[in-house]
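The structure file coords38.cif is reproduced below (mmCIF, C-alpha atoms).
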data_data
loop_
_atom_site.label_atom_id
_atom_site.label_comp_id
_atom_site.auth_asym_id
_atom_site.auth_seq_id
_atom_site.Cartn_x
_atom_site.Cartn_y
_atom_site.Cartn_z
CA MET K 234 36.19 20.56 165.30
CA THR K 235 36.97 17.52 163.16
CA SER K 236 34.55 15.44 165.27
CA MET K 237 31.78 16.98 163.13
CA GLN K 238 33.55 15.92 159.93
CA LEU K 239 31.40 12.83 159.37
CA PRO K 240 28.99 12.27 156.47
CA LEU K 241 25.28 12.60 157.26
CA ASN K 242 24.36 10.18 154.45
CA THR K 243 21.90 12.57 152.87
CA ALA K 244 19.51 11.64 150.09
CA PHE K 245 21.50 13.79 147.66
CA GLY K 246 24.58 13.04 145.60
CA PRO K 247 26.79 14.13 142.71
CA PHE K 248 23.88 14.35 140.24
CA THR K 249 21.83 16.62 142.51
CA THR K 250 21.15 20.14 141.25
CA ALA K 251 20.80 23.35 143.23
CA ALA K 252 17.08 23.39 142.36
CA ASP K 253 16.71 19.89 143.83
CA VAL K 254 18.30 21.00 147.09
CA ALA K 255 16.20 24.16 147.27
CA ASP K 256 12.88 22.40 146.73
CA GLY K 257 10.57 23.59 149.49
CA VAL K 258 13.02 26.23 150.79
CA ASP K 259 11.62 29.70 151.51
CA LEU K 260 14.18 32.49 151.87
CA SER K 261 11.73 35.38 151.95
CA GLY K 262 13.08 38.18 154.13
CA LYS K 263 16.65 36.86 153.98
CA THR K 264 19.60 38.80 152.61
CA ALA K 265 22.57 37.15 150.93
CA ILE K 266 25.86 38.39 149.52
CA VAL K 267 27.49 36.22 146.84
CA THR K 268 30.95 37.05 145.52
CA GLY K 269 31.67 35.74 142.05
CA GLY K 270 27.94 35.69 141.45
CA ALA K 271 27.85 37.07 137.94
CA SER K 272 28.92 33.99 135.99
CA ASN K 273 28.76 30.22 135.80
CA LEU K 274 28.62 28.51 139.19
CA GLY K 275 28.09 31.77 141.07
CA PHE K 276 25.25 32.80 138.79
CA GLU K 277 23.41 29.53 139.46
CA THR K 278 23.83 30.13 143.19
CA VAL K 279 22.45 33.67 142.95
CA LYS K 280 19.57 32.56 140.74
CA ILE K 281 18.36 29.89 143.15
CA LEU K 282 18.66 32.15 146.21
CA ALA K 283 16.78 34.94 144.46
CA LEU K 284 14.04 32.69 143.10
CA LYS K 285 13.55 31.32 146.61
CA GLY K 286 12.86 34.83 147.88
CA ALA K 287 16.20 36.07 149.20
CA HIS K 288 17.45 39.55 148.35
CA VAL K 289 20.87 38.89 146.86
CA VAL K 290 23.68 41.42 146.66
CA VAL K 291 26.39 40.62 144.11
CA PRO K 292 29.66 42.52 144.44
CA ALA K 293 31.42 42.52 141.09
CA ARG K 294 34.59 44.00 139.65
CA ASN K 295 32.67 44.98 136.51
CA ALA K 296 29.36 46.08 137.97
CA GLY K 297 27.95 47.24 134.66
CA ALA K 298 28.44 43.87 133.00
CA ALA K 299 27.03 42.09 136.06
CA ARG K 300 23.87 44.19 135.95
CA GLN K 301 23.32 43.05 132.38
CA VAL K 302 23.58 39.43 133.50
CA PHE K 303 20.84 39.92 136.09
CA HIS K 304 18.61 42.34 134.19
CA ASP K 305 15.60 39.99 134.21
CA LEU K 306 16.14 38.27 137.57
CA PRO K 307 14.21 39.68 140.54
CA ASN K 308 15.68 40.35 144.00
CA VAL K 309 19.26 40.89 142.78
CA GLU K 310 21.34 44.00 143.47
CA VAL K 311 24.82 44.59 142.03
CA ALA K 312 27.57 46.73 143.57
CA ALA K 313 31.17 47.39 142.60
CA MET K 314 33.96 45.55 144.43
CA ASP K 315 37.41 44.18 143.62
CA LEU K 316 38.85 41.52 145.94
CA LEU K 317 42.38 42.75 145.22
CA ASP K 318 41.56 46.35 146.21
CA PRO K 319 41.23 46.94 149.99
CA LEU K 320 39.59 50.34 149.48
CA SER K 321 37.04 48.77 147.16
CA ILE K 322 36.18 46.09 149.72
CA THR K 323 35.87 48.69 152.47
CA ALA K 324 33.62 50.87 150.32
CA PHE K 325 31.33 47.96 149.42
CA ALA K 326 31.09 46.77 153.01
CA SER K 327 30.50 50.29 154.33
CA GLY K 328 27.63 50.72 151.91
CA PHE K 329 26.06 47.49 153.08
CA LEU K 330 26.54 48.35 156.75
CA GLU K 331 24.95 51.76 156.23
CA SER K 332 21.89 50.08 154.74
CA GLY K 333 21.13 48.65 158.19
CA ARG K 334 20.32 45.22 156.81
CA ALA K 335 21.29 42.06 158.62
CA LEU K 336 23.28 39.53 156.59
CA ASP K 337 21.87 36.00 156.68
CA LEU K 338 24.07 34.35 154.04
CA LEU K 339 27.59 35.21 152.95
CA ILE K 340 28.75 33.03 150.06
CA LEU K 341 32.38 33.49 149.08
CA SER K 342 32.47 32.04 145.59
CA ALA K 343 34.81 34.34 143.64
CA GLY K 344 38.29 33.22 142.77
CA VAL K 345 41.06 32.65 140.28
CA MET K 346 42.79 29.38 139.36
CA ALA K 347 46.23 28.33 138.15
CA THR K 348 47.29 31.79 137.05
CA PRO K 349 50.75 32.90 136.04
CA LEU K 350 52.50 34.55 138.97
CA PHE K 351 51.05 37.91 139.90
CA ARG K 352 50.98 39.91 143.11
CA ASP K 353 48.65 42.39 144.75
CA ALA K 354 49.70 45.94 145.59
CA SER K 355 51.23 44.72 148.88
CA GLY K 356 53.28 42.02 147.18
CA ARG K 357 51.10 39.10 148.23
CA GLU K 358 50.92 36.13 145.85
CA GLY K 359 47.85 36.72 143.72
CA GLN K 360 45.88 33.48 144.07
CA PHE K 361 46.21 33.56 147.86
CA ALA K 362 45.42 37.28 147.93
CA THR K 363 42.31 36.94 145.77
CA ASN K 364 40.84 33.66 146.98
CA HIS K 365 41.63 34.01 150.68
CA LEU K 366 42.82 37.42 151.85
CA GLY K 367 40.20 39.40 149.95
CA HIS K 368 37.43 37.27 151.42
CA PHE K 369 39.00 37.44 154.88
CA ARG K 370 38.89 41.23 154.69
CA LEU K 371 35.32 41.25 153.39
CA ALA K 372 34.00 38.90 156.09
CA ALA K 373 35.69 40.99 158.77
CA ALA K 374 34.03 44.16 157.50
CA LEU K 375 30.62 42.46 157.35
CA TRP K 376 30.97 40.73 160.72
CA PRO K 377 28.57 43.08 162.59
CA ARG K 378 25.82 42.37 160.07
CA LEU K 379 26.38 38.61 160.26
CA ARG K 380 26.03 38.83 164.03
CA SER K 381 22.74 40.72 163.72
CA ALA K 382 21.02 38.09 161.56
CA ALA K 383 17.88 36.83 163.26
CA GLY K 384 18.05 33.08 163.67
CA GLY K 385 21.75 32.98 162.85
CA ALA K 386 23.84 33.40 159.72
CA ARG K 387 25.76 31.02 157.49
CA VAL K 388 29.02 31.62 155.66
CA VAL K 389 29.90 29.31 152.76
CA VAL K 390 33.45 29.38 151.41
CA LEU K 391 34.23 27.76 148.06
CA SER K 392 37.23 25.46 148.44
CA SER K 393 38.21 22.59 146.13
CA ARG K 394 39.70 19.13 145.98
CA ALA K 395 42.75 21.05 144.81
CA HIS K 396 43.52 21.51 148.51
CA GLN K 397 44.93 17.99 148.24
CA LEU K 398 47.84 19.32 146.19
CA GLY K 399 49.81 20.04 149.32
CA GLY K 400 48.33 22.31 151.94
CA LEU K 401 49.97 25.63 152.71
CA ASP K 402 53.35 26.90 153.81
CA LEU K 403 52.88 29.55 156.49
CA SER K 404 56.56 30.42 156.28
CA ASP K 405 56.36 31.22 152.56
CA LEU K 406 52.78 32.02 151.62
CA ASP K 407 53.92 34.36 148.86
CA PHE K 408 56.40 32.06 147.08
CA ARG K 409 59.38 34.26 147.86
CA ARG K 410 61.66 31.31 148.66
CA ARG K 411 59.88 28.55 146.78
CA ALA K 412 59.77 28.40 143.01
CA TYR K 413 56.29 29.47 141.92
CA ASP K 414 54.04 26.68 140.73
CA LYS K 415 50.54 27.71 139.62
CA TRP K 416 48.90 24.51 140.85
CA LEU K 417 50.67 24.48 144.19
CA ALA K 418 49.65 28.11 144.68
CA TYR K 419 46.05 27.27 143.81
CA GLY K 420 46.08 24.30 146.19
CA GLN K 421 47.43 26.54 148.93
CA ALA K 422 44.66 29.08 148.36
CA LYS K 423 41.99 26.38 148.41
CA THR K 424 43.45 24.91 151.60
CA ALA K 425 43.29 28.40 153.08
CA ASN K 426 39.61 28.62 152.10
CA ALA K 427 38.80 25.43 154.00
CA LEU K 428 40.83 26.48 157.04
CA PHE K 429 39.15 29.90 156.99
CA ALA K 430 35.77 28.22 157.47
CA VAL K 431 37.12 26.26 160.44
CA ALA K 432 38.48 29.33 162.24
CA LEU K 433 35.54 31.56 161.34
CA ASP K 434 33.10 28.99 162.69
CA ALA K 435 35.07 28.78 165.93
CA ARG K 436 34.54 32.53 166.40
CA GLY K 437 31.02 32.72 165.06
CA ALA K 438 29.25 29.76 166.65
CA GLU K 439 28.47 31.57 169.90
CA HIS K 440 26.87 34.35 167.85
CA GLY K 441 24.84 31.98 165.68
CA ILE K 442 27.24 32.27 162.74
CA ARG K 443 28.19 28.91 161.23
CA ALA K 444 30.72 28.47 158.45
CA PHE K 445 31.22 25.72 155.87
CA SER K 446 33.68 25.07 153.06
CA VAL K 447 32.60 23.42 149.84
CA HIS K 448 34.07 21.44 146.97
CA PRO K 449 31.51 22.15 144.24
CA GLY K 450 32.82 19.70 141.70
CA SER K 451 34.79 20.40 138.54
CA ILE K 452 32.84 22.82 136.36
CA LEU K 453 34.38 24.00 133.10
CA GLY K 454 33.97 27.74 132.81
CA PRO K 455 35.71 31.10 133.22
CA LEU K 456 37.79 29.79 136.13
CA ALA K 457 39.77 27.75 133.57
CA ARG K 458 40.63 30.78 131.41
CA HIS K 459 44.33 30.50 132.26
CA LEU K 460 44.52 26.87 131.12
CA SER K 461 45.42 25.79 127.61
CA ARG K 462 43.12 23.52 125.62
CA GLU K 463 45.71 20.76 126.07
CA GLU K 464 45.62 21.15 129.86
CA ILE K 465 41.82 21.01 129.90
CA GLU K 466 41.86 17.91 127.71
CA GLN K 467 44.20 16.23 130.18
CA PHE K 468 41.46 16.49 132.77
CA GLY K 469 39.01 14.82 130.38
CA ALA K 470 36.77 17.84 130.82
CA VAL K 471 36.08 18.81 127.20
CA HIS K 472 34.57 17.15 124.15
CA PRO K 473 36.33 17.40 120.76
CA ASP K 474 33.84 20.13 119.76
CA GLY K 475 34.90 22.23 122.75
CA THR K 476 31.80 21.69 124.88
CA ALA K 477 32.16 20.71 128.52
CA VAL K 478 31.97 17.08 129.58
CA VAL K 479 29.33 16.54 132.26
CA ASP K 480 29.89 13.29 134.14
CA PRO K 481 29.18 13.67 137.86
CA ARG K 482 30.50 10.17 138.53
CA ARG K 483 33.93 11.63 137.67
CA ASP K 484 33.18 14.89 139.49
CA LEU K 485 32.64 16.73 136.18
CA LYS K 486 29.49 18.72 136.80
CA SER K 487 27.19 21.25 135.21
CA PRO K 488 26.91 24.66 136.91
CA GLN K 489 23.49 23.61 138.24
CA GLN K 490 25.01 20.50 139.83
CA GLY K 491 28.06 22.42 141.01
CA ALA K 492 25.95 24.96 142.88
CA ALA K 493 24.03 22.26 144.74
CA THR K 494 26.44 21.79 147.67
CA THR K 495 26.71 25.55 148.18
CA ILE K 496 22.92 25.87 148.35
CA TRP K 497 22.76 22.84 150.64
CA CYS K 498 25.27 24.37 153.05
CA ALA K 499 23.46 27.70 152.93
CA THR K 500 19.97 26.38 153.55
CA SER K 501 19.78 22.79 154.79
CA PRO K 502 18.19 22.25 158.21
CA ALA K 503 20.26 19.04 158.40
CA LEU K 504 23.28 21.25 159.19
CA ALA K 505 21.71 22.88 162.24
CA GLY K 506 24.30 22.66 165.00
CA PHE K 507 27.12 21.94 162.56
CA GLY K 508 29.92 24.19 161.37
CA GLY K 509 33.56 24.31 160.37
CA VAL K 510 33.16 21.29 158.10
CA TYR K 511 34.19 20.64 154.50
CA CYS K 512 31.36 19.44 152.27
CA GLU K 513 30.95 17.86 148.85
CA ASP K 514 28.10 16.22 146.91
CA CYS K 515 25.55 17.78 149.29
CA ASP K 516 26.95 16.08 152.36
CA ILE K 517 29.73 16.48 154.89
CA ALA K 518 32.81 14.89 153.35
CA PHE K 519 34.71 12.06 154.99
CA ILE K 520 38.31 12.51 156.10
CA GLU K 521 40.80 10.92 153.70
CA ALA K 522 44.41 11.13 154.82
CA ASP K 523 46.14 9.72 151.76
CA GLY K 524 43.64 8.95 149.02
CA GLU K 525 44.09 9.37 145.30
CA LEU K 526 44.77 12.97 144.30
CA GLY K 527 41.54 14.54 143.15
CA GLY K 528 39.44 11.85 144.79
CA PRO K 529 36.66 12.38 147.32
CA GLY K 530 37.23 13.40 150.90
CA VAL K 531 39.10 16.11 152.78
CA ARG K 532 42.70 15.95 153.92
CA PRO K 533 43.16 16.33 157.69
CA PHE K 534 45.44 19.36 157.28
CA ALA K 535 42.62 21.33 155.60
CA ILE K 536 40.36 21.12 158.66
CA ASP K 537 43.01 21.15 161.40
CA PRO K 538 41.97 23.68 164.08
CA ASP K 539 45.54 24.57 165.07
CA THR K 540 46.56 25.28 161.49
CA ALA K 541 43.33 27.22 161.00
CA GLU K 542 44.15 29.40 164.00
CA ALA K 543 47.70 29.97 162.80
CA LEU K 544 46.46 31.01 159.35
CA TRP K 545 43.80 33.25 160.89
CA HIS K 546 46.30 35.18 162.98
CA GLU K 547 48.72 35.42 160.07
CA SER K 548 45.95 36.75 157.82
CA ALA K 549 44.74 39.26 160.40
CA GLY K 550 48.31 40.46 160.85
CA LEU K 551 48.95 40.79 157.12
CA LEU K 552 45.80 42.86 156.71
CA ASP K 553 46.00 44.69 160.04
CA ILE K 554 42.45 43.66 160.88
CA CYS K 555 40.96 43.36 164.35
CA GLN K 556 37.18 43.52 164.47
CA PRO K 557 35.65 42.84 167.91
CA GLY K 558 35.04 39.10 168.13
CA TYR K 559 36.89 38.57 164.86
CA CYS K 560 40.52 38.95 165.99
#

As C-alpha cells, please, write out the structure in this file.
Amino acid sequence: MTSMQLPLNTAFGPFTTAADVADGVDLSGKTAIVTGGASNLGFETVKILALKGAHVVVPARNAGAARQVFHDLPNVEVAAMDLLDPLSITAFASGFLESGRALDLLILSAGVMATPLFRDASGREGQFATNHLGHFRLAAALWPRLRSAAGGARVVVLSSRAHQLGGLDLSDLDFRRRAYDKWLAYGQAKTANALFAVALDARGAEHGIRAFSVHPGSILGPLARHLSREEIEQFGAVHPDGTAVVDPRRDLKSPQQGAATTIWCATSPALAGFGGVYCEDCDIAFIEADGELGGPGVRPFAIDPDTAEALWHESAGLLDICQPGYC
C-alpha cells in the first residue's frame, strides 16, 4: 500500500484553489455526498462540485440552517444527520439507498477539533467517535451505492497534519487509562481518518472504489471554536483585528485553497489506479518518519496497512457492523 505513497509532482501547490483544480472538470450525472458541507472548507467543496454539475447531498445536524446556506446554489440537497447518533446515520443512509441513486463521490469532511472531553452515548471518546466512528458507520451503510457507481467511486477522508501528534492507541482509544489531552485525542482521530482510507481502499479497489485521505491545510474557521484567542495566536493564524492569516507557504490557507486537495482527490485523472494514499497540496504526500511537527509529509504509522486493518476490525466490532465486502 505504501508503495503508492510517492508524490506525482503535479503542477499544483499550496496556493492552488479548488476552482483551479476543477478547471475543465465535468461532473454532470454524478452524485456526491459531503459531510460537513454547510460551512467553511466543506461549503467550498460542495460549491465546486455543484457548479461542475454534480448533484450534491449534504447531511447536516441542523438541516434548516444548512438549507439557508445553499438557498441560491443549484444541485444541492440537504438532509438531517448527526454523526454521533447511529439512528440518525441509519435513517439518512436508508433514505439515500431507497432513492436508487449510485454514489460516485463520498467526501467525509465533518469533524470536531481539540474539544474538552466528551463521550457519545456508548461512552466512546467524542473526537474519535465523531471524526472516525461516525464516518465508518456512514460509509458502511452507503457501501452498496458506492459499489454501484458506473466507472468507479472515490471516497475522500479529511485527515490532518495533526496525525503527527502521536498516532493512536488501540488499547485505549477512549482515554480510560490515559489522562485526556485534547490535542492527543485530535491527533488520534486524524490518524484514524488516514488509516480508514487505507483499509477502505483495500476493500474497495476490486469494486472500483478508491479511497484517499487529505490534509487540507490550516484554515481558520468553525473547527477552531474550542480554542481560545491566545491558542489561535500561538499558531500565527490570526491578525490583530481578528481576521485569518492566509499564508500558504506556512500552510495557512483560505477555504478555497483548503478545498483544493479534496477536489483534486475526488476528480483528478492523475489518480486513476491509485488509492489508500495521504495527500496534501494537490499531490500525494511524501513519507516523513521524523520531520518537524506540523511539517509536510505523512508519518509511516498513518498509512501502515497492518495498523489500518487492526483499526478497521476494532471499529467494526465497536459498532457491530458487517456489510458484505465491508467486514

Find the residues of region 397-478 of chain K that sit at most 6 Å from region 357-381 of chain K; for each, write down the nearest two atoms and how far apart they are in Å, to one decimal. Count only C-alpha atoms. Sort by chain, then by number going up, and give it as a tab-separated table.
residue	atom	partner	partner_atom	distance
K:Asp407	CA	K:Glu358	CA	4.6
K:Ala422	CA	K:Phe361	CA	4.8
K:Asn426	CA	K:His365	CA	5.9
K:His440	CA	K:Arg380	CA	5.9

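The space separating CA of Val479 (chain K) from CA of Ser451 (chain K) comes to 9.2 Å.
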
### Query
When the PyMOL selection byres ((chain K and resi 263) around 8) is applied to the file above, which residues end up in the set, as a ChimeraX atom specification?
/K:260-262,264-265,286-288,336-338

### Task
Extract, using only C-alpha atoms, all DNA, RNA and protein residues at most 12 Å from Phe429 (chain K), discarding same-chain residues fewer than 6 positions from it, and format them as a count of residues only.
45

### Task
Give as JSON, numbers by chain the set of residues within 12 Å of the point (17.7, 38.4, 137.4), where distances use the file's coordinates and all atoms listed in the file.
{"K": [270, 271, 276, 277, 278, 279, 280, 281, 282, 283, 284, 288, 289, 290, 291, 299, 300, 301, 302, 303, 304, 305, 306, 307, 308, 309, 310, 311]}

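For the residues K:Ala427, K:Cys498, K:Ala296, K:Ala313, ranking by smallest atom-to-atom distance to Gly400 (chain K) using all atoms listed in the file places K:Ala427 first.
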
Your completed region 372-383 of chain K with all heavy atoms, as a tab-separated table (two decimals), in the frame of the given file:
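Resulting contents of selection.tsv:
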chain	number	residue	atom	x	y	z
K	372	ALA	N	34.76	39.48	154.97
K	372	ALA	CA	34.00	38.90	156.09
K	372	ALA	C	34.21	39.69	157.37
K	372	ALA	O	33.28	39.86	158.16
K	372	ALA	CB	34.39	37.43	156.28
K	373	ALA	N	35.43	40.17	157.58
K	373	ALA	CA	35.69	40.99	158.77
K	373	ALA	C	34.86	42.25	158.75
K	373	ALA	O	34.25	42.63	159.77
K	373	ALA	CB	37.18	41.35	158.84
K	374	ALA	N	34.79	42.91	157.60
K	374	ALA	CA	34.03	44.16	157.50
K	374	ALA	C	32.54	43.93	157.67
K	374	ALA	O	31.82	44.80	158.18
K	374	ALA	CB	34.32	44.82	156.15
K	375	LEU	N	32.06	42.76	157.26
K	375	LEU	CA	30.62	42.46	157.35
K	375	LEU	C	30.23	41.76	158.64
K	375	LEU	O	29.06	41.47	158.87
K	375	LEU	CB	30.22	41.57	156.17
K	375	LEU	CG	30.34	42.21	154.78
K	375	LEU	CD1	30.11	41.16	153.70
K	375	LEU	CD2	29.35	43.36	154.62
K	376	TRP	N	31.21	41.49	159.49
K	376	TRP	CA	30.97	40.73	160.72
K	376	TRP	C	29.81	41.27	161.56
K	376	TRP	O	28.96	40.49	162.02
K	376	TRP	CB	32.26	40.70	161.54
K	376	TRP	CG	32.27	39.75	162.70
K	376	TRP	CD1	32.29	40.08	164.03
K	376	TRP	CD2	32.30	38.33	162.66
K	376	TRP	NE1	32.33	38.95	164.81
K	376	TRP	CE2	32.33	37.85	163.99
K	376	TRP	CE3	32.30	37.41	161.60
K	376	TRP	CZ2	32.37	36.50	164.30
K	376	TRP	CZ3	32.33	36.05	161.91
K	376	TRP	CH2	32.36	35.62	163.24
K	377	PRO	N	29.69	42.60	161.77
K	377	PRO	CA	28.57	43.08	162.59
K	377	PRO	C	27.21	42.72	162.01
K	377	PRO	O	26.26	42.46	162.76
K	377	PRO	CB	28.78	44.61	162.59
K	377	PRO	CG	30.23	44.79	162.34
K	377	PRO	CD	30.60	43.69	161.39
K	378	ARG	N	27.10	42.69	160.68
K	378	ARG	CA	25.82	42.37	160.07
K	378	ARG	C	25.53	40.86	160.11
K	378	ARG	O	24.38	40.44	160.18
K	378	ARG	CB	25.78	42.88	158.62
K	378	ARG	CG	25.69	44.40	158.56
K	378	ARG	CD	24.33	44.89	159.08
K	378	ARG	NE	24.27	46.34	159.14
K	378	ARG	CZ	24.29	47.05	160.25
K	378	ARG	NH1	24.41	46.44	161.42
K	378	ARG	NH2	24.20	48.36	160.21
K	379	LEU	N	26.57	40.04	160.07
K	379	LEU	CA	26.38	38.61	160.26
K	379	LEU	C	25.88	38.33	161.67
K	379	LEU	O	24.99	37.50	161.89
K	379	LEU	CB	27.69	37.86	160.00
K	379	LEU	CG	28.15	37.76	158.55
K	379	LEU	CD1	29.60	37.32	158.48
K	379	LEU	CD2	27.27	36.80	157.76
K	380	ARG	N	26.44	39.02	162.63
K	380	ARG	CA	26.03	38.83	164.03
K	380	ARG	C	24.60	39.27	164.28
K	380	ARG	O	23.94	38.78	165.20
K	380	ARG	CB	26.98	39.58	164.96
K	380	ARG	CG	28.35	38.96	165.07
K	380	ARG	CD	29.22	39.65	166.10
K	380	ARG	NE	28.63	39.65	167.44
K	380	ARG	CZ	29.28	40.03	168.54
K	380	ARG	NH1	30.53	40.46	168.45
K	380	ARG	NH2	28.69	39.98	169.71
K	381	SER	N	24.09	40.19	163.47
K	381	SER	CA	22.74	40.72	163.72
K	381	SER	C	21.65	39.93	163.00
K	381	SER	O	20.47	40.27	163.12
K	381	SER	CB	22.68	42.19	163.29
K	381	SER	OG	22.86	42.33	161.89
K	382	ALA	N	22.01	38.87	162.28
K	382	ALA	CA	21.02	38.09	161.56
K	382	ALA	C	20.11	37.33	162.53
K	382	ALA	O	20.59	36.56	163.37
K	382	ALA	CB	21.70	37.11	160.61
K	383	ALA	N	18.84	37.54	162.41
K	383	ALA	CA	17.88	36.83	163.26
K	383	ALA	C	17.90	35.35	162.90
K	383	ALA	O	17.80	34.97	161.74
K	383	ALA	CB	16.49	37.41	163.07
